[in-house]
>>> print(open('structure.tsv').read())   # TSV, C-alpha atoms and all ligand atoms
chain	number	residue	atom	x	y	z
A	5	MET	CA	-79.10	18.81	-61.13
A	6	PHE	CA	-75.46	18.60	-62.16
A	7	ILE	CA	-72.56	17.47	-60.01
A	8	VAL	CA	-69.10	18.95	-60.40
A	9	ARG	CA	-66.19	17.45	-58.47
A	10	LEU	CA	-63.68	20.20	-57.74
A	11	ASP	CA	-60.85	17.73	-57.20
A	12	LYS	CA	-61.35	16.38	-60.72
A	13	ILE	CA	-60.98	19.65	-62.58
A	14	GLU	CA	-57.67	20.98	-63.82
A	15	GLY	CA	-56.26	24.41	-63.27
A	16	GLU	CA	-57.37	27.16	-60.94
A	17	GLY	CA	-60.71	25.67	-59.95
A	18	ASP	CA	-62.92	27.38	-62.53
A	19	PHE	CA	-65.18	25.24	-64.69
A	20	PRO	CA	-67.85	25.67	-67.38
A	21	CYS	CA	-71.50	25.33	-66.38
A	22	PRO	CA	-72.38	21.77	-67.51
A	23	LYS	CA	-75.45	23.13	-69.34
A	24	CYS	CA	-74.63	26.55	-70.79
A	25	SER	CA	-70.80	26.63	-70.51
A	26	ASN	CA	-70.90	29.89	-68.54
A	27	ARG	CA	-67.49	30.10	-66.86
A	28	ILE	CA	-67.89	29.63	-63.09
A	29	SER	CA	-64.91	30.61	-61.00
A	30	PRO	CA	-64.33	30.28	-57.26
A	31	GLU	CA	-62.41	33.57	-57.52
A	32	ASP	CA	-65.70	35.28	-58.34
A	33	GLU	CA	-66.52	36.08	-54.72
A	34	GLU	CA	-69.08	38.69	-55.69
A	35	GLU	CA	-71.11	35.86	-57.23
A	36	LYS	CA	-71.47	37.46	-60.65
A	37	THR	CA	-71.70	34.11	-62.45
A	38	TYR	CA	-73.46	32.02	-59.80
A	39	THR	CA	-75.34	32.25	-56.52
A	40	ILE	CA	-74.80	30.00	-53.53
A	41	VAL	CA	-78.02	28.19	-52.62
A	42	ASP	CA	-76.82	25.96	-49.79
A	43	ILE	CA	-73.63	24.85	-48.07
A	44	VAL	CA	-73.38	21.55	-46.23
A	45	MET	CA	-70.45	21.70	-43.83
A	46	GLY	CA	-68.29	18.64	-43.25
A	47	GLU	CA	-65.72	18.10	-40.55
A	48	GLY	CA	-63.59	21.11	-39.71
A	49	GLU	CA	-63.83	24.20	-41.87
A	50	ILE	CA	-64.22	22.38	-45.16
A	51	PRO	CA	-67.64	22.14	-46.87
A	52	GLU	CA	-68.91	18.66	-47.61
A	53	ASN	CA	-70.72	20.04	-50.64
A	54	MET	CA	-72.17	23.27	-51.93
A	55	LEU	CA	-75.24	23.88	-54.04
A	56	ILE	CA	-74.93	26.74	-56.50
A	57	LYS	CA	-77.14	28.14	-59.24
A	58	CYS	CA	-75.74	29.24	-62.59
A	59	LYS	CA	-76.79	32.85	-63.17
A	60	SER	CA	-77.02	32.51	-66.92
A	61	CYS	CA	-79.15	29.34	-67.27
A	62	SER	CA	-80.43	28.78	-63.69
A	63	SER	CA	-79.07	25.22	-63.57
A	64	MET	CA	-78.48	23.81	-60.11
A	65	ILE	CA	-74.94	22.49	-59.67
A	66	ARG	CA	-73.72	20.58	-56.66
A	67	LEU	CA	-70.02	21.08	-55.98
A	68	GLU	CA	-68.21	18.22	-54.32
A	69	GLY	CA	-64.62	17.30	-53.53
A	70	PHE	CA	-63.67	20.26	-51.33
A	71	GLU	CA	-61.87	17.96	-48.94
A	72	ALA	CA	-59.51	16.54	-51.55
A	73	LEU	CA	-58.96	20.06	-52.82
A	74	ALA	CA	-57.93	21.30	-49.38
A	75	GLU	CA	-55.51	18.41	-49.04
A	76	THR	CA	-53.48	19.58	-52.00
A	77	GLU	CA	-53.24	23.09	-50.58
A	78	GLU	CA	-49.64	23.95	-49.81
A	79	SER	CA	-48.67	24.02	-46.18
A	80	ARG	CA	-45.40	25.06	-44.61
A	81	ALA	CA	-45.86	22.15	-42.20
A	82	ASP	CA	-45.42	18.46	-42.96
A	83	ILE	CA	-45.14	15.18	-41.08
A	84	SER	CA	-43.09	12.11	-41.92
A	85	THR	CA	-44.37	8.60	-42.52
A	86	PRO	CA	-44.48	6.56	-39.25
A	87	LEU	CA	-41.05	6.24	-37.63
A	88	PRO	CA	-39.62	2.74	-37.02
A	89	ASP	CA	-40.58	2.83	-33.31
A	90	SER	CA	-44.30	3.11	-34.23
A	91	LYS	CA	-46.84	0.43	-33.36
A	92	PRO	CA	-49.49	0.55	-36.08
A	93	GLY	CA	-53.04	0.54	-34.71
A	94	PHE	CA	-51.79	1.63	-31.30
A	95	ARG	CA	-49.39	4.55	-31.62
A	96	THR	CA	-47.45	6.05	-34.50
A	97	ASN	CA	-44.63	8.57	-34.17
A	98	HIS	CA	-43.76	11.07	-36.87
A	99	THR	CA	-41.30	13.92	-37.21
A	100	ILE	CA	-42.77	17.37	-37.83
A	101	THR	CA	-41.09	19.70	-40.26
A	102	PHE	CA	-41.79	23.38	-40.82
A	103	ASP	CA	-40.33	25.05	-43.90
A	104	GLY	CA	-38.41	21.81	-44.41
A	105	LYS	CA	-36.69	21.97	-41.02
A	106	GLN	CA	-37.42	19.43	-38.30
A	107	VAL	CA	-39.08	21.22	-35.39
A	108	GLY	CA	-40.47	18.35	-33.34
A	109	ILE	CA	-42.37	15.10	-33.24
A	110	ILE	CA	-45.97	13.96	-32.98
A	111	ALA	CA	-47.23	10.78	-31.35
A	112	ILE	CA	-50.67	9.72	-32.54
A	113	ASP	CA	-52.73	7.31	-30.43
A	114	TYR	CA	-55.36	5.10	-32.04
A	115	ALA	CA	-58.34	3.74	-30.17
A	116	THR	CA	-58.04	0.17	-28.97
A	117	GLN	CA	-61.07	-1.93	-28.03
A	118	GLU	CA	-60.45	-0.90	-24.39
A	119	ASP	CA	-60.43	2.81	-25.30
A	120	VAL	CA	-63.69	2.38	-27.18
A	121	THR	CA	-65.25	0.91	-24.02
A	122	ALA	CA	-63.63	3.44	-21.67
A	123	PHE	CA	-64.74	6.47	-23.70
A	124	LYS	CA	-68.19	5.09	-24.48
A	125	LYS	CA	-70.11	7.56	-22.32
A	126	MET	CA	-68.14	10.60	-23.47
A	127	ARG	CA	-67.44	9.94	-27.08
A	128	THR	CA	-68.25	7.56	-29.91
A	129	LEU	CA	-64.95	6.05	-30.94
A	130	LYS	CA	-64.27	3.37	-33.47
A	131	GLU	CA	-61.46	0.91	-33.00
A	132	GLY	CA	-58.39	2.04	-34.90
A	133	GLU	CA	-59.53	5.66	-35.07
A	134	PRO	CA	-56.95	8.31	-34.09
A	135	PHE	CA	-58.10	10.01	-30.90
A	136	LYS	CA	-55.07	11.71	-29.42
A	137	GLY	CA	-52.09	13.57	-30.82
A	138	THR	CA	-49.17	14.76	-28.72
A	139	ILE	CA	-47.00	17.35	-30.42
A	140	THR	CA	-43.59	17.97	-28.89
A	141	ILE	CA	-41.90	21.04	-30.29
A	142	GLU	CA	-38.20	21.27	-29.67
A	143	ASN	CA	-36.84	24.80	-29.66
A	144	LYS	CA	-33.11	24.45	-29.77
A	145	GLU	CA	-30.60	27.10	-28.95
A	146	ASN	CA	-29.41	29.19	-31.90
A	147	THR	CA	-32.47	28.37	-34.00
A	148	SER	CA	-35.46	30.66	-34.49
A	149	PRO	CA	-38.24	29.46	-32.17
A	150	VAL	CA	-41.53	28.06	-33.45
A	151	LYS	CA	-44.04	30.91	-33.14
A	152	THR	CA	-47.72	30.69	-32.25
A	153	GLU	CA	-48.77	31.17	-35.87
A	154	ASP	CA	-46.40	28.37	-36.92
A	155	LEU	CA	-48.04	26.11	-34.32
A	156	GLN	CA	-51.46	27.05	-35.68
A	157	GLU	CA	-50.38	26.02	-39.15
A	158	ILE	CA	-48.87	22.76	-37.86
A	159	VAL	CA	-52.12	21.93	-36.02
A	160	LYS	CA	-54.22	22.81	-39.08
A	161	PHE	CA	-52.07	20.55	-41.27
A	162	ILE	CA	-52.24	17.67	-38.80
A	163	LYS	CA	-56.05	17.87	-38.52
A	164	ARG	CA	-56.27	17.74	-42.30
A	165	LYS	CA	-53.82	14.86	-42.59
A	166	ILE	CA	-55.01	12.74	-39.65
A	167	LYS	CA	-58.77	12.45	-40.15
A	168	GLY	CA	-60.72	12.35	-36.90
A	169	LEU	CA	-58.32	14.35	-34.71
A	170	ARG	CA	-59.89	17.47	-33.27
A	171	ASP	CA	-58.41	20.54	-31.56
A	172	ASN	CA	-59.34	19.07	-28.19
A	173	ASP	CA	-57.41	15.85	-28.95
A	174	ILE	CA	-54.16	17.60	-29.73
A	175	TYR	CA	-51.76	18.34	-26.89
A	176	LEU	CA	-48.81	20.66	-27.30
A	177	ILE	CA	-45.56	20.38	-25.39
A	178	GLU	CA	-42.50	22.53	-25.83
A	179	ILE	CA	-38.93	21.62	-25.01
A	180	LYS	CA	-36.75	24.67	-24.57
A	181	ASP	CA	-33.18	24.57	-23.30
A	182	GLY	CA	-33.79	20.93	-22.33
A	183	ARG	CA	-36.83	21.81	-20.20
A	184	LYS	CA	-40.27	20.50	-20.94
A	185	SER	CA	-43.28	22.76	-20.59
A	186	ILE	CA	-46.90	22.14	-21.45
A	187	ILE	CA	-48.42	24.63	-23.85
A	188	GLY	CA	-51.90	23.09	-23.64
A	189	ARG	CA	-54.44	21.73	-26.06
A	190	ALA	CA	-54.69	23.00	-29.61
A	191	SER	CA	-58.20	24.22	-28.73
A	192	GLN	CA	-56.55	26.72	-26.38
A	193	LEU	CA	-54.51	28.28	-29.13
A	194	PRO	CA	-55.98	31.37	-30.80
A	195	SER	CA	-57.81	29.90	-33.81
A	196	GLU	CA	-56.80	32.53	-36.35
A	197	PRO	CA	-53.22	33.18	-37.38
A	198	LEU	CA	-51.89	36.28	-35.70
A	199	GLU	CA	-51.12	39.17	-37.99
A	201	ZN	ZN	-75.45	27.65	-66.88
>>> encode(input="structure.tsv", output="structure tokens")
Amino acid sequence: MFIVRLDKIEGEGDFPCPKCSNRISPEDEEEKTYTIVDIVMGEGEIPENMLIKCKSCSSMIRLEGFEALAETEESRADISTPLPDSKPGFRTNHTITFDGKQVGIIAIDYATQEDVTAFKKMRTLKEGEPFKGTITIENKENTSPVKTEDLQEIVKFIKRKIKGLRDNDIYLIEIKDGRKSIIGRASQLPSEPLE
């Protein structure tokens, strides 16, 4: 069996079969050049690895590195490095930008030894692991408000960036005209972008 790391190949993601050089392209969704044998899912929507079979020489090829590949995917959302008021290992604060404009902040809480003990029955936490994210979106007057699909993209980006945070761990708050309102958890947002 051959192993191909997708994050190590240049270009559009296509690569030659390691045995017969048949061009295998992820764009080939009809599976003309390969067949998918097995997919092992990792955290979130990203496969951990995928086993494919080259259609021209029948070689088995395991594809790895999907996670790193997804990380380089462009997003309209971004977060800053920890702000000066952050306490590493306890809580870090970051600004959130969307299309380059600051739209809010996120506070990320990391499990302390006490949290690990307190959550023991409900959840396996490791010390130092992020386990809560509070997103505060500030919709100012005279600026276009952050829409639901923008929030979905922000949440998706944050889950990719902060490993270990899940939809249920992410709380959304909106400040509009100086008033705070709770939107809810990210798991309550529609999961697919609205058309
Ligand atoms: Zn081949």
>>> closest_atom_pairs(input="structure.tsv", of="chain A", to="ligand ZN 201 (chain A)", cutoff="9 Å", atoms="all atoms listed in the file", output="Markdown table")
| residue | atom | partner | partner_atom | distance |
| --- | --- | --- | --- | --- |
| A:Pro20 | CA | A:ZN201 | ZN | 7.9 |
| A:Cys21 | CA | A:ZN201 | ZN | 4.6 |
| A:Pro22 | CA | A:ZN201 | ZN | 6.7 |
| A:Lys23 | CA | A:ZN201 | ZN | 5.1 |
| A:Cys24 | CA | A:ZN201 | ZN | 4.1 |
| A:Ser25 | CA | A:ZN201 | ZN | 6.0 |
| A:Asn26 | CA | A:ZN201 | ZN | 5.3 |
| A:Arg27 | CA | A:ZN201 | ZN | 8.3 |
| A:Ile28 | CA | A:ZN201 | ZN | 8.7 |
| A:Thr37 | CA | A:ZN201 | ZN | 8.7 |
| A:Tyr38 | CA | A:ZN201 | ZN | 8.6 |
| A:Lys57 | CA | A:ZN201 | ZN | 7.8 |
| A:Cys58 | CA | A:ZN201 | ZN | 4.6 |
| A:Lys59 | CA | A:ZN201 | ZN | 6.5 |
| A:Ser60 | CA | A:ZN201 | ZN | 5.1 |
| A:Cys61 | CA | A:ZN201 | ZN | 4.1 |
| A:Ser62 | CA | A:ZN201 | ZN | 6.0 |
| A:Ser63 | CA | A:ZN201 | ZN | 5.5 |
| A:Met64 | CA | A:ZN201 | ZN | 8.4 |
| A:Ile65 | CA | A:ZN201 | ZN | 8.9 |
>>> atom_distance(input="structure.tsv", atom1="CA of Ile112 in chain A", atom2="CA of Met45 in chain A")
25.7 Å
>>> closest_residue(input="structure.tsv", among="A:Ile166, A:Leu73, A:Ile186, A:Leu67", to="His98 in chain A", atoms="all atoms listed in the file")
A:Ile166
>>> atom_distance(input="structure.tsv", atom1="CA of Gln117 in chain A", atom2="CA of Thr96 in chain A")
17.1 Å
>>> atom_distance(input="structure.tsv", atom1="CA of Ser84 in chain A", atom2="CA of Asp173 in chain A")
19.7 Å
>>> closest_residue(input="structure.tsv", among="A:Leu193, A:Pro86, A:Gly17, A:Glu31", to="Lys151 in chain A", atoms="all atoms listed in the file")
A:Leu193
>>> closest_residue(input="structure.tsv", among="A:Gly182, A:Pro149, A:Gly188, A:Pro51", to="Val107 in chain A", atoms="only C-alpha atoms")
A:Pro149
>>> closest_residue(input="structure.tsv", among="A:Val41, A:Val150, A:Ile139, A:Ala190", to="Leu55 in chain A", atoms="all atoms listed in the file")
A:Val41
